[in-house]
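Undergrad: Sharing data19.txt here; it has compact mmCIF, C-alpha atoms.
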# COMPACT_ATOMS: atom_id res chain seq x y z
CA MET A 1 4.88 -15.39 -70.36
CA THR A 2 8.46 -15.78 -69.20
CA GLU A 3 9.73 -15.78 -65.64
CA PRO A 4 10.21 -12.24 -64.33
CA LYS A 5 13.45 -10.59 -65.37
CA THR A 6 14.69 -8.13 -62.77
CA ASP A 7 16.53 -4.93 -63.62
CA THR A 8 17.41 -1.68 -61.91
CA LEU A 9 17.03 1.96 -62.82
CA ALA A 10 18.94 4.76 -61.12
CA VAL A 11 16.76 7.82 -60.55
CA PRO A 12 17.42 10.98 -58.52
CA GLY A 13 17.57 9.90 -54.89
CA ALA A 14 16.93 6.17 -55.35
CA VAL A 15 17.64 3.01 -57.28
CA LEU A 16 14.45 1.34 -58.51
CA HIS A 17 14.08 -2.40 -58.94
CA TYR A 18 11.57 -3.60 -61.51
CA ASP A 19 10.49 -6.92 -62.99
CA VAL A 20 9.46 -7.63 -66.57
CA ARG A 21 7.31 -10.64 -67.47
CA SER A 22 7.71 -10.69 -71.25
CA HIS A 23 5.25 -11.79 -73.87
CA GLY A 24 6.41 -11.30 -77.42
CA SER A 25 3.15 -11.09 -79.37
CA GLY A 26 2.97 -7.30 -79.29
CA ASP A 27 -0.85 -7.45 -79.50
CA HIS A 28 -1.39 -5.47 -76.31
CA PRO A 29 0.25 -2.49 -74.67
CA VAL A 30 2.63 -3.16 -71.80
CA LEU A 31 0.66 -3.46 -68.56
CA LEU A 32 2.26 -1.79 -65.55
CA LEU A 33 0.97 -2.94 -62.14
CA ILE A 34 1.84 -0.48 -59.37
CA GLY A 35 1.16 0.15 -55.73
CA SER A 36 2.64 2.32 -53.01
CA PRO A 37 4.13 1.37 -50.70
CA MET A 38 3.22 -2.11 -51.94
CA GLY A 39 5.92 -3.37 -54.26
CA ALA A 40 6.22 -5.91 -57.03
CA ALA A 41 5.69 -8.87 -54.71
CA GLY A 42 2.07 -7.87 -54.16
CA PHE A 43 1.15 -8.28 -57.83
CA ALA A 44 2.38 -11.80 -58.57
CA THR A 45 -1.10 -13.32 -58.63
CA LEU A 46 -2.64 -10.53 -60.70
CA ALA A 47 0.23 -10.63 -63.20
CA GLY A 48 -0.39 -14.33 -63.67
CA HIS A 49 -3.83 -13.57 -65.09
CA PHE A 50 -2.35 -11.51 -67.95
CA THR A 51 -0.12 -13.98 -69.76
CA ASP A 52 -1.13 -12.53 -73.13
CA ARG A 53 0.92 -9.36 -72.67
CA THR A 54 4.11 -8.03 -71.16
CA VAL A 55 3.59 -7.12 -67.51
CA VAL A 56 5.90 -4.86 -65.51
CA THR A 57 5.95 -4.53 -61.73
CA TYR A 58 8.27 -2.48 -59.54
CA ASP A 59 9.15 -1.50 -55.99
CA PRO A 60 8.50 2.22 -55.38
CA ARG A 61 11.30 4.31 -53.94
CA GLY A 62 11.86 3.57 -50.28
CA ALA A 63 9.97 0.25 -50.42
CA GLU A 64 11.32 -3.30 -50.42
CA ARG A 65 14.27 -3.52 -52.88
CA SER A 66 14.18 0.13 -54.06
CA ARG A 67 16.13 1.87 -51.37
CA ARG A 68 16.55 5.62 -51.25
CA THR A 69 20.08 6.91 -51.78
CA ASP A 70 19.48 10.47 -50.61
CA GLY A 71 18.51 9.74 -47.01
CA ALA A 72 15.23 11.64 -47.36
CA ALA A 73 12.52 10.83 -44.82
CA GLU A 74 9.59 11.53 -47.15
CA SER A 75 8.56 10.38 -50.61
CA THR A 76 6.00 12.45 -52.52
CA PRO A 77 3.53 11.58 -55.29
CA GLU A 78 5.45 13.95 -57.55
CA GLU A 79 8.68 12.00 -56.94
CA HIS A 80 6.91 8.70 -57.56
CA ALA A 81 5.39 10.11 -60.75
CA ASP A 82 8.82 11.15 -61.99
CA ASP A 83 10.14 7.67 -61.19
CA LEU A 84 7.31 6.13 -63.22
CA HIS A 85 7.95 8.56 -66.06
CA ARG A 86 11.58 7.46 -66.18
CA LEU A 87 10.67 3.78 -65.91
CA ILE A 88 8.19 3.97 -68.80
CA ALA A 89 10.75 5.82 -70.90
CA THR A 90 13.31 3.11 -70.13
CA LEU A 91 10.87 0.39 -71.19
CA ASP A 92 10.57 2.19 -74.56
CA ALA A 93 7.34 0.37 -75.33
CA GLY A 94 5.08 3.25 -76.29
CA PRO A 95 2.08 4.35 -74.20
CA VAL A 96 1.41 1.80 -71.47
CA GLU A 97 -1.68 0.68 -69.61
CA ILE A 98 -1.52 0.98 -65.82
CA PHE A 99 -3.39 -0.69 -63.01
CA ALA A 100 -2.59 1.32 -59.90
CA SER A 101 -3.67 0.45 -56.38
CA SER A 102 -3.96 2.62 -53.27
CA GLY A 103 -0.99 4.98 -53.01
CA GLY A 104 0.04 3.75 -56.44
CA ALA A 105 -3.25 5.13 -57.75
CA VAL A 106 -2.35 8.53 -56.31
CA ASN A 107 1.02 8.33 -58.03
CA GLY A 108 -0.63 7.24 -61.26
CA LEU A 109 -2.89 10.28 -61.21
CA ALA A 110 0.16 12.49 -60.65
CA LEU A 111 1.90 10.79 -63.58
CA VAL A 112 -1.01 11.31 -65.99
CA ALA A 113 -1.32 14.96 -64.96
CA ARG A 114 2.34 15.48 -65.91
CA HIS A 115 2.97 12.97 -68.72
CA PRO A 116 -0.35 11.91 -70.24
CA GLU A 117 1.33 10.90 -73.49
CA GLN A 118 2.93 7.95 -71.71
CA VAL A 119 -0.30 6.36 -70.51
CA ARG A 120 -3.06 4.97 -72.71
CA THR A 121 -5.31 3.83 -69.85
CA LEU A 122 -5.00 4.37 -66.10
CA VAL A 123 -7.12 2.24 -63.80
CA ALA A 124 -6.79 3.98 -60.43
CA HIS A 125 -8.11 1.64 -57.73
CA GLU A 126 -9.04 3.38 -54.48
CA PRO A 127 -6.60 6.32 -54.34
CA PRO A 128 -6.61 7.56 -50.69
CA VAL A 129 -6.71 11.27 -51.50
CA ALA A 130 -8.31 12.31 -48.23
CA ARG A 131 -8.48 15.99 -49.15
CA GLU A 132 -11.38 15.22 -51.50
CA LEU A 133 -13.58 13.89 -48.69
CA PRO A 134 -16.17 16.10 -46.99
CA ASP A 135 -14.73 14.91 -43.64
CA HIS A 136 -11.17 15.64 -44.76
CA GLU A 137 -10.24 17.68 -41.68
CA PRO A 138 -10.65 14.88 -39.11
CA VAL A 139 -9.24 12.32 -41.58
CA LEU A 140 -6.10 14.33 -42.17
CA ALA A 141 -5.76 14.97 -38.43
CA VAL A 142 -5.72 11.20 -37.89
CA CYS A 143 -3.09 10.78 -40.62
CA VAL A 144 -0.88 13.37 -38.93
CA ASP A 145 -1.38 11.61 -35.59
CA ILE A 146 -0.41 8.24 -37.12
CA HIS A 147 2.79 9.70 -38.52
CA GLU A 148 3.65 11.46 -35.27
CA THR A 149 2.93 8.28 -33.33
CA TYR A 150 5.38 6.43 -35.55
CA LEU A 151 8.09 9.03 -34.99
CA ARG A 152 7.44 8.98 -31.25
CA SER A 153 6.68 5.33 -30.50
CA GLY A 154 7.52 3.20 -33.51
CA MET A 155 5.78 0.83 -35.86
CA GLY A 156 3.32 -1.12 -33.69
CA PRO A 157 1.37 1.77 -32.13
CA ALA A 158 1.31 3.67 -35.45
CA MET A 159 0.12 0.70 -37.49
CA ALA A 160 -2.62 -0.05 -34.94
CA LYS A 161 -3.97 3.48 -35.46
CA PHE A 162 -3.61 3.10 -39.23
CA ILE A 163 -5.64 -0.12 -39.25
CA ALA A 164 -8.31 1.48 -37.07
CA LEU A 165 -8.63 4.39 -39.51
CA MET A 166 -8.68 2.23 -42.63
CA SER A 167 -11.31 -0.12 -41.23
CA HIS A 168 -13.63 2.68 -40.07
CA GLU A 169 -16.82 2.81 -42.14
CA GLY A 170 -18.49 6.09 -42.96
CA ALA A 171 -17.44 9.63 -42.18
CA VAL A 172 -14.67 10.04 -39.64
CA PRO A 173 -16.00 12.12 -36.75
CA ALA A 174 -14.26 15.14 -35.33
CA GLY A 175 -11.91 14.18 -32.52
CA PHE A 176 -11.33 10.65 -33.83
CA ALA A 177 -7.58 11.18 -33.45
CA ASP A 178 -8.05 12.05 -29.78
CA GLY A 179 -9.79 8.80 -28.87
CA PRO A 180 -8.18 5.93 -26.96
CA ALA A 181 -5.21 4.45 -28.82
CA PRO A 182 -5.85 0.90 -30.05
CA ASP A 183 -3.74 -1.89 -28.58
CA PRO A 184 -1.11 -3.07 -31.09
CA ALA A 185 -1.38 -6.60 -29.70
CA ALA A 186 -5.01 -6.74 -30.86
CA PHE A 187 -3.68 -6.66 -34.42
CA GLY A 188 -0.73 -8.96 -33.79
CA LEU A 189 1.64 -5.99 -33.80
CA PRO A 190 4.60 -5.44 -31.48
CA ALA A 191 4.30 -2.76 -28.83
CA GLU A 192 8.08 -2.45 -28.51
CA ASP A 193 9.90 0.19 -30.52
CA ASP A 194 12.77 -1.24 -32.60
CA GLY A 195 14.15 2.24 -33.22
CA SER A 196 13.77 2.21 -37.01
CA ARG A 197 12.10 5.16 -38.72
CA ASP A 198 12.24 4.29 -42.41
CA ASP A 199 8.89 2.55 -42.88
CA PRO A 200 7.50 3.48 -46.32
CA LEU A 201 3.85 3.49 -45.20
CA VAL A 202 3.52 5.30 -41.86
CA GLY A 203 6.86 7.03 -42.31
CA GLN A 204 7.73 8.11 -45.83
CA ASN A 205 4.35 8.27 -47.61
CA MET A 206 1.74 8.74 -44.89
CA LEU A 207 1.35 12.50 -45.12
CA SER A 208 2.35 13.24 -48.70
CA CYS A 209 -0.03 10.63 -50.14
CA THR A 210 -3.14 11.40 -48.09
CA HIS A 211 -2.65 15.17 -48.34
CA TYR A 212 -2.08 15.12 -52.13
CA ARG A 213 -4.52 17.12 -54.24
CA PRO A 214 -4.83 15.82 -57.83
CA ASP A 215 -4.63 18.30 -60.71
CA PHE A 216 -8.15 17.65 -61.92
CA ALA A 217 -7.97 20.22 -64.71
CA ALA A 218 -4.94 18.48 -66.18
CA LEU A 219 -6.52 15.05 -65.70
CA ARG A 220 -9.74 16.09 -67.45
CA ALA A 221 -7.73 17.55 -70.34
CA ALA A 222 -5.49 14.49 -70.72
CA PRO A 223 -5.98 12.11 -73.68
CA THR A 224 -5.46 9.24 -71.23
CA ARG A 225 -8.51 7.13 -70.47
CA ILE A 226 -8.89 7.28 -66.67
CA VAL A 227 -11.00 4.69 -64.87
CA ILE A 228 -11.56 4.93 -61.12
CA GLY A 229 -12.04 1.63 -59.30
CA VAL A 230 -13.75 1.02 -55.98
CA GLY A 231 -13.93 -2.25 -54.08
CA GLY A 232 -17.32 -3.88 -53.75
CA GLU A 233 -16.55 -4.53 -50.09
CA SER A 234 -14.72 -1.29 -49.28
CA GLY A 235 -16.99 1.43 -50.61
CA GLN A 236 -17.70 2.80 -47.13
CA VAL A 237 -14.13 2.99 -45.85
CA LEU A 238 -11.73 5.86 -46.48
CA THR A 239 -10.16 4.52 -49.68
CA GLY A 240 -13.46 3.58 -51.29
CA ARG A 241 -15.09 6.88 -50.37
CA ALA A 242 -12.10 8.77 -51.73
CA ALA A 243 -12.30 6.83 -55.00
CA VAL A 244 -15.94 7.84 -55.44
CA ALA A 245 -15.03 11.46 -54.70
CA VAL A 246 -12.27 11.42 -57.35
CA ALA A 247 -14.60 9.89 -59.92
CA ASP A 248 -17.12 12.63 -59.17
CA ARG A 249 -14.48 15.32 -59.74
CA LEU A 250 -13.62 13.68 -63.07
CA ALA A 251 -17.32 13.45 -64.01
CA THR A 252 -17.11 9.70 -64.50
CA GLU A 253 -18.72 6.66 -62.92
CA PRO A 254 -16.45 4.48 -60.77
CA VAL A 255 -16.13 0.81 -61.67
CA THR A 256 -16.80 -1.68 -58.89
CA PHE A 257 -14.12 -4.35 -58.49
CA PRO A 258 -14.66 -7.62 -56.59
CA GLY A 259 -13.41 -7.74 -53.02
CA GLY A 260 -12.11 -4.93 -50.92
CA HIS A 261 -9.10 -2.67 -51.05
CA ASP A 262 -6.87 -5.72 -51.49
CA GLY A 263 -9.21 -7.62 -53.78
CA PHE A 264 -6.47 -8.62 -56.23
CA LEU A 265 -4.25 -10.35 -53.67
CA GLY A 266 -3.88 -14.10 -53.91
CA GLY A 267 -2.05 -14.88 -50.70
CA GLU A 268 0.60 -12.17 -50.92
CA TYR A 269 1.37 -10.67 -47.51
CA GLY A 270 -0.95 -13.28 -46.00
CA ALA A 271 -4.08 -11.77 -47.57
CA THR A 272 -6.44 -13.25 -50.14
CA GLY A 273 -9.12 -11.29 -51.93
CA LYS A 274 -11.01 -12.38 -55.03
CA PRO A 275 -8.15 -12.41 -57.55
CA GLU A 276 -9.80 -14.36 -60.38
CA ALA A 277 -12.91 -12.19 -60.42
CA PHE A 278 -10.81 -9.08 -59.89
CA ALA A 279 -8.58 -9.91 -62.87
CA ALA A 280 -11.62 -10.62 -65.04
CA THR A 281 -13.05 -7.19 -64.20
CA LEU A 282 -9.71 -5.53 -64.91
CA ARG A 283 -9.47 -7.29 -68.28
CA THR A 284 -12.96 -6.08 -69.18
CA VAL A 285 -12.04 -2.52 -68.20
CA LEU A 286 -8.80 -2.58 -70.19
CA THR A 287 -10.55 -3.80 -73.32
CA GLY A 288 -12.92 -0.88 -73.01
Would you write the structure of this file as structure tokens?

TA:
Amino acid sequence: MTEPKTDTLAVPGAVLHYDVRSHGSGDHPVLLLIGSPMGAAGFATLAGHFTDRTVVTYDPRGAERSRRTDGAAESTPEEHADDLHRLIATLDAGPVEIFASSGGAVNGLALVARHPEQVRTLVAHEPPVARELPDHEPVLAVCVDIHETYLRSGMGPAMAKFIALMSHEGAVPAGFADGPAPDPAAFGLPAEDDGSRDDPLVGQNMLSCTHYRPDFAALRAAPTRIVIGVGGESGQVLTGRAAVAVADRLATEPVTFPGGHDGFLGGEYGATGKPEAFAATLRTVLTG
């Protein structure tokens, strides 16, 4: 596998940056590793476990290097899916295989619903589609509160509420959003507002991602093989519970991956999961 080669792709409203780690054997489909808002930097360790194939990573619109050019304050799964559609077409490598994490898994589901011919296998790891949860009303209320907190008070207070939601195990009770606000300092976050309002997580994608409703009829009809992943250590938090709910709607059994929601990380962003075991499970899933 070569060192990553970076390129750009102009799409409506943004310029995407993507990295290609080439392997010339042609024995495997191109593997696309995607997150949202996590960008290419989060997949360096995982990519290193697939040196037998070409691996592509990218920064979603509004995140890291892929800045928006239209000034929009929100990015939707449909926009991300169109970006991925254009990126795969640009690669011109036939149907690809995709490992998609978190918001990237939501975008991957949107892509397959619209362009199933481009994707041979989609491994959607813990898509946070909160609408599919039985406790979706209080969950979505918290998501709205997080976004409004960001607009009102900035990053620290909003991210503290986000971490509290994502670490909560089991059903989210009614009125959770009305409870005492967590202290940003408890999570090492600043309480001061720096005035910026372009954060891709609690700003641009918070509502559109969690409120997205997959087109299950289109997904069930697609020729794409869809595998839903859930973390062995995150099955009781929002993302793991949502993954199980999506698998149920698709009438398939979820695959358990080592670690939690970030099980594939190998030190990126200061977090380390179980990357070797995670990659081994992913390889097994991809080989069918």

Undergrad: Just to confirm, what's the straight-line distance from atom CA of A:Leu282 to atom CA of A:Phe50 in Å (one decimal)?

TA: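 These two atoms are separated by 10.0 Å.
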
Undergrad: Excluding A:Glu253 and residues on its chain fewer than 4 positions from it, collect all residues at most 8 Å away from it, counting only C-alpha atoms, and give them as a PDB file with C-alpha atoms, keeping the file's coordinate frame.

TA:
ATOM      1  CA  ILE A 228     -11.560   4.930 -61.120  1.00  0.00           C
ATOM      2  CA  ALA A 247     -14.600   9.890 -59.920  1.00  0.00           C
ATOM      3  CA  ASP A 248     -17.120  12.630 -59.170  1.00  0.00           C
TER       4      ASP A 248
END

Undergrad: Which residues of stretch 173-202 of chain A come within 9 Å of stretch 136-145 of chain A, and what is each one's closest atom pair and distance in Å (one decimal), counting all atoms listed in the file, sorted by chain and residue number, as a Markdown table?

TA:
| residue | atom | partner | partner_atom | distance |
| --- | --- | --- | --- | --- |
| A:Pro173 | CA | A:Pro138 | CA | 6.5 |
| A:Ala174 | CA | A:Pro138 | CA | 5.2 |
| A:Gly175 | CA | A:Pro138 | CA | 6.7 |
| A:Phe176 | CA | A:Pro138 | CA | 6.8 |
| A:Ala177 | CA | A:Val142 | CA | 4.8 |
| A:Asp178 | CA | A:Val142 | CA | 8.5 |
| A:Val202 | CA | A:Cys143 | CA | 8.7 |

Undergrad: Take the residues that were just selected and, keeping C-alpha atoms, output them as a CSV table (one decimal), keeping the file's coordinate frame.

TA:
chain,number,residue,atom,x,y,z
A,173,PRO,CA,-16.0,12.1,-36.8
A,174,ALA,CA,-14.3,15.1,-35.3
A,175,GLY,CA,-11.9,14.2,-32.5
A,176,PHE,CA,-11.3,10.6,-33.8
A,177,ALA,CA,-7.6,11.2,-33.4
A,178,ASP,CA,-8.0,12.0,-29.8
A,202,VAL,CA,3.5,5.3,-41.9

Undergrad: Select, from A:Gly235, A:Glu74, A:Val172, A:His49, the residue with the minimum atom-to-atom distance to A:Asp135, counting all atoms listed in the file.

TA: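 Between A:Gly235, A:Glu74, A:Val172, A:His49, the residue approaching A:Asp135 most closely is A:Val172.
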
Undergrad: Compare A:Gly103, A:Pro184, A:Gly108, A:Pro37 by their minimum atom-to-atom distance to A:Pro128, counting all atoms listed in the file, and give me the closest one.

TA: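 The shortest atom-to-atom distance to A:Pro128 comes from A:Gly103.
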